[in-house]
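Below is one structure, written out as structure tokens, with a few remarks after it.
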Amino acid sequence: MTLNYKKINLLYSLITLTLLSCGSYSFTGASIPEGTETFQVNFFENDAGNNMGSIFEPGLDRDFTLALQNILQNQTNLQLVSNDGDLVFEGEITEYRVSPMTATSDLTAAQNRLSISVNVRFFNIKKEDDDFEKRFSFYFDYPAETQLLNIKSEAHDLIFERITQDIFNASLAKW
């Protein structure tokens, strides 16, 4: 019986030592500069309607801004502030477009694609070398006989998840 206690104590010690040696590692992969405590996400204006072939979707700006705030809150221990953040995210939604993707033999659309693009400016007050301006985009394909209204919520969720994760990776995970 004492052999099992020795094995358990050894295993416990190894696990404790391993976790303690990972001191500043973040399980989300975030590389947050020392002294960084806050972030702010400025309202992402919806400028999609100003681009040729793109349409204006009401509420998209609010929904995207909240999605970006949520991923940063969920994947870091930083505090969300409304101004003077150590990290600042701002930009605009530049594209919201539905395009036919595949055609049938009678030249009608068989599949449509909803594409959303966002221009992001990132400022790191503690480490200005990390600042960037970059365009992020993703899409959702759906059957042509389905109305956009019927899949919009699912499509937005999937597209926002991908774009916000890409923004997180570019700004804090350095991917």
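Residues in the structure tokens are named by chain (A, B, ... in the order shown) and by number from 1 within that chain; ligands are numbered from 1 in the order shown.
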Exercise: A:Leu66 partners within 12 Å, only C-alpha atoms, chain neighbours under 3 positions left out, as a PyMOL selection string = chain A and resi 40-44+59-63+69-73+80+157+160-161+164
Got a sec to tell me which of stretch 122-154 of chain A DSSP assigns to strand (DSSP E or B), as a VMD selection string?
-> chain A and resid 122 to 124 132 to 143
Within 12 Å of A:Pro58, counting only C-alpha atoms, which residues show up once you throw out same-chain ones fewer than 3 positions away? Write them as a PyMOL selection string, please.
-> chain A and resi 45-49+55+61-64+93+96
Using only C-alpha atoms: which of A:Ala173, A:Ile163, A:Leu68, A:Leu87 has the shortest distance to A:Ser115 = A:Ile163
Report as a PyMOL selection string: the residues of stretch 14-146 of chain A with a DSSP assignment of helix (DSSP H, G or I), based on the backbone of this structure.
-> chain A and resi 14-21+48-50+60-75+128-130
Given the selection you just returned, output its residues as a file containing N, CA and C atoms, formatted as a PDB file, in the first residue's frame.
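Writing the result to result21.pdb gives the following:
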ATOM      1  N   LEU A  14       5.122  16.129  -9.456  1.00  0.00           N
ATOM      2  CA  LEU A  14       5.447  16.430 -10.844  1.00  0.00           C
ATOM      3  C   LEU A  14       4.416  17.367 -11.469  1.00  0.00           C
ATOM      4  N   ILE A  15       3.162  17.118 -11.199  1.00  0.00           N
ATOM      5  CA  ILE A  15       2.102  17.982 -11.742  1.00  0.00           C
ATOM      6  C   ILE A  15       2.234  19.391 -11.176  1.00  0.00           C
ATOM      7  N   THR A  16       2.445  19.501  -9.876  1.00  0.00           N
ATOM      8  CA  THR A  16       2.593  20.817  -9.244  1.00  0.00           C
ATOM      9  C   THR A  16       3.791  21.558  -9.810  1.00  0.00           C
ATOM     10  N   LEU A  17       4.908  20.871  -9.938  1.00  0.00           N
ATOM     11  CA  LEU A  17       6.113  21.493 -10.483  1.00  0.00           C
ATOM     12  C   LEU A  17       5.888  21.949 -11.920  1.00  0.00           C
ATOM     13  N   THR A  18       5.211  21.138 -12.709  1.00  0.00           N
ATOM     14  CA  THR A  18       4.937  21.478 -14.109  1.00  0.00           C
ATOM     15  C   THR A  18       4.062  22.726 -14.190  1.00  0.00           C
ATOM     16  N   LEU A  19       3.007  22.780 -13.402  1.00  0.00           N
ATOM     17  CA  LEU A  19       2.104  23.934 -13.445  1.00  0.00           C
ATOM     18  C   LEU A  19       2.789  25.205 -12.956  1.00  0.00           C
ATOM     19  N   LEU A  20       3.615  25.092 -11.932  1.00  0.00           N
ATOM     20  CA  LEU A  20       4.311  26.269 -11.430  1.00  0.00           C
ATOM     21  C   LEU A  20       5.340  26.783 -12.426  1.00  0.00           C
ATOM     22  N   SER A  21       5.940  25.898 -13.194  1.00  0.00           N
ATOM     23  CA  SER A  21       6.939  26.343 -14.159  1.00  0.00           C
ATOM     24  C   SER A  21       6.320  27.023 -15.365  1.00  0.00           C
ATOM     25  N   ALA A  48     -20.404  49.087 -44.758  1.00  0.00           N
ATOM     26  CA  ALA A  48     -20.571  48.126 -45.845  1.00  0.00           C
ATOM     27  C   ALA A  48     -21.451  48.682 -46.966  1.00  0.00           C
ATOM     28  N   GLY A  49     -22.470  49.432 -46.626  1.00  0.00           N
ATOM     29  CA  GLY A  49     -23.361  49.979 -47.634  1.00  0.00           C
ATOM     30  C   GLY A  49     -22.710  50.979 -48.570  1.00  0.00           C
ATOM     31  N   ASN A  50     -21.529  51.466 -48.232  1.00  0.00           N
ATOM     32  CA  ASN A  50     -20.821  52.446 -49.062  1.00  0.00           C
ATOM     33  C   ASN A  50     -19.971  51.807 -50.151  1.00  0.00           C
ATOM     34  N   LEU A  60     -25.575  45.158 -37.433  1.00  0.00           N
ATOM     35  CA  LEU A  60     -24.348  44.384 -37.613  1.00  0.00           C
ATOM     36  C   LEU A  60     -23.188  45.003 -36.835  1.00  0.00           C
ATOM     37  N   ASP A  61     -23.118  46.331 -36.813  1.00  0.00           N
ATOM     38  CA  ASP A  61     -22.051  47.038 -36.112  1.00  0.00           C
ATOM     39  C   ASP A  61     -22.062  46.728 -34.615  1.00  0.00           C
ATOM     40  N   ARG A  62     -23.228  46.804 -34.009  1.00  0.00           N
ATOM     41  CA  ARG A  62     -23.362  46.521 -32.574  1.00  0.00           C
ATOM     42  C   ARG A  62     -23.007  45.060 -32.275  1.00  0.00           C
ATOM     43  N   ASP A  63     -23.545  44.147 -33.089  1.00  0.00           N
ATOM     44  CA  ASP A  63     -23.318  42.717 -32.869  1.00  0.00           C
ATOM     45  C   ASP A  63     -21.846  42.354 -33.001  1.00  0.00           C
ATOM     46  N   PHE A  64     -21.169  42.920 -33.995  1.00  0.00           N
ATOM     47  CA  PHE A  64     -19.752  42.611 -34.171  1.00  0.00           C
ATOM     48  C   PHE A  64     -18.914  43.190 -33.026  1.00  0.00           C
ATOM     49  N   THR A  65     -19.193  44.417 -32.640  1.00  0.00           N
ATOM     50  CA  THR A  65     -18.457  45.045 -31.538  1.00  0.00           C
ATOM     51  C   THR A  65     -18.579  44.198 -30.277  1.00  0.00           C
ATOM     52  N   LEU A  66     -19.784  43.732 -29.974  1.00  0.00           N
ATOM     53  CA  LEU A  66     -20.004  42.892 -28.790  1.00  0.00           C
ATOM     54  C   LEU A  66     -19.283  41.551 -28.915  1.00  0.00           C
ATOM     55  N   ALA A  67     -19.280  40.965 -30.108  1.00  0.00           N
ATOM     56  CA  ALA A  67     -18.602  39.682 -30.320  1.00  0.00           C
ATOM     57  C   ALA A  67     -17.100  39.816 -30.070  1.00  0.00           C
ATOM     58  N   LEU A  68     -16.501  40.911 -30.522  1.00  0.00           N
ATOM     59  CA  LEU A  68     -15.070  41.123 -30.298  1.00  0.00           C
ATOM     60  C   LEU A  68     -14.785  41.352 -28.812  1.00  0.00           C
ATOM     61  N   GLN A  69     -15.622  42.129 -28.147  1.00  0.00           N
ATOM     62  CA  GLN A  69     -15.455  42.336 -26.705  1.00  0.00           C
ATOM     63  C   GLN A  69     -15.540  41.001 -25.963  1.00  0.00           C
ATOM     64  N   ASN A  70     -16.501  40.172 -26.349  1.00  0.00           N
ATOM     65  CA  ASN A  70     -16.710  38.891 -25.666  1.00  0.00           C
ATOM     66  C   ASN A  70     -15.522  37.956 -25.797  1.00  0.00           C
ATOM     67  N   ILE A  71     -14.956  37.842 -26.996  1.00  0.00           N
ATOM     68  CA  ILE A  71     -13.821  36.919 -27.156  1.00  0.00           C
ATOM     69  C   ILE A  71     -12.621  37.397 -26.351  1.00  0.00           C
ATOM     70  N   LEU A  72     -12.403  38.705 -26.290  1.00  0.00           N
ATOM     71  CA  LEU A  72     -11.273  39.231 -25.522  1.00  0.00           C
ATOM     72  C   LEU A  72     -11.483  39.029 -24.027  1.00  0.00           C
ATOM     73  N   GLN A  73     -12.720  39.175 -23.570  1.00  0.00           N
ATOM     74  CA  GLN A  73     -13.012  38.945 -22.158  1.00  0.00           C
ATOM     75  C   GLN A  73     -12.896  37.459 -21.807  1.00  0.00           C
ATOM     76  N   ASN A  74     -13.314  36.590 -22.721  1.00  0.00           N
ATOM     77  CA  ASN A  74     -13.296  35.154 -22.453  1.00  0.00           C
ATOM     78  C   ASN A  74     -11.906  34.535 -22.560  1.00  0.00           C
ATOM     79  N   GLN A  75     -11.021  35.121 -23.365  1.00  0.00           N
ATOM     80  CA  GLN A  75      -9.721  34.498 -23.591  1.00  0.00           C
ATOM     81  C   GLN A  75      -8.551  35.231 -22.943  1.00  0.00           C
ATOM     82  N   GLU A 128       4.304  49.416 -28.893  1.00  0.00           N
ATOM     83  CA  GLU A 128       3.818  49.997 -30.148  1.00  0.00           C
ATOM     84  C   GLU A 128       4.255  49.229 -31.389  1.00  0.00           C
ATOM     85  N   ASP A 129       5.286  48.407 -31.287  1.00  0.00           N
ATOM     86  CA  ASP A 129       5.708  47.594 -32.427  1.00  0.00           C
ATOM     87  C   ASP A 129       4.624  46.596 -32.843  1.00  0.00           C
ATOM     88  N   ASP A 130       3.691  46.307 -31.943  1.00  0.00           N
ATOM     89  CA  ASP A 130       2.612  45.353 -32.224  1.00  0.00           C
ATOM     90  C   ASP A 130       1.435  45.981 -32.972  1.00  0.00           C
TER      91      ASP A 130
END
Which residue of A:Ser31, A:Asn83, A:Ser117, A:Thr108 approaches A:Asn51 most closely, using only C-alpha atoms | A:Ser117
Which residues, written as number ranges by chain, have at least one atom at most 10 Å from A:Pro33, with only C-alpha atoms counted and residues fewer than 2 positions away on the same chain left out?
-> A: 30-31, 35-37, 86, 124-127, 172
Just to be explicit: take each residue in the selection above, keep N, CA and C atoms, and write the result as a short mmCIF file (atom, residue, chain, number, x, y, z; two decimals), in the first residue's frame.
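Listing of part_29.cif after writing:
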data_model
loop_
_atom_site.label_atom_id
_atom_site.label_comp_id
_atom_site.auth_asym_id
_atom_site.auth_seq_id
_atom_site.Cartn_x
_atom_site.Cartn_y
_atom_site.Cartn_z
N ALA A 30 -2.41 33.67 -25.57
CA ALA A 30 -2.25 35.12 -25.60
C ALA A 30 -0.86 35.50 -25.10
N SER A 31 -0.26 36.45 -25.80
CA SER A 31 1.04 36.98 -25.41
C SER A 31 0.83 38.43 -25.01
N GLY A 35 2.40 44.44 -17.61
CA GLY A 35 1.81 45.71 -17.24
C GLY A 35 0.52 46.04 -17.98
N THR A 36 0.14 45.19 -18.93
CA THR A 36 -1.11 45.41 -19.67
C THR A 36 -2.27 44.88 -18.83
N GLU A 37 -3.21 45.75 -18.54
CA GLU A 37 -4.32 45.36 -17.68
C GLU A 37 -5.69 45.58 -18.32
N ASP A 86 -5.14 49.89 -22.45
CA ASP A 86 -3.76 49.56 -22.82
C ASP A 86 -3.72 48.98 -24.23
N ASN A 124 -1.31 48.90 -29.35
CA ASN A 124 -0.82 48.37 -28.10
C ASN A 124 0.00 49.48 -27.44
N ILE A 125 -0.57 50.13 -26.44
CA ILE A 125 0.06 51.27 -25.79
C ILE A 125 1.39 50.88 -25.14
N LYS A 126 1.48 49.64 -24.64
CA LYS A 126 2.69 49.18 -23.94
C LYS A 126 3.79 48.72 -24.90
N LYS A 127 3.40 48.34 -26.13
CA LYS A 127 4.38 47.81 -27.09
C LYS A 127 3.93 48.21 -28.49
N LEU A 172 -2.92 39.28 -30.18
CA LEU A 172 -2.42 38.80 -28.89
C LEU A 172 -1.72 37.45 -28.94
#
Could you tell me which of A:Phe39, A:Lys134, A:Gln111, A:Ile159 comes closest to A:Gln147 if we count only C-alpha atoms?
->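 Checking each of A:Phe39, A:Lys134, A:Gln111, A:Ile159 against A:Gln147, counting only C-alpha atoms, the winner is A:Gln111.
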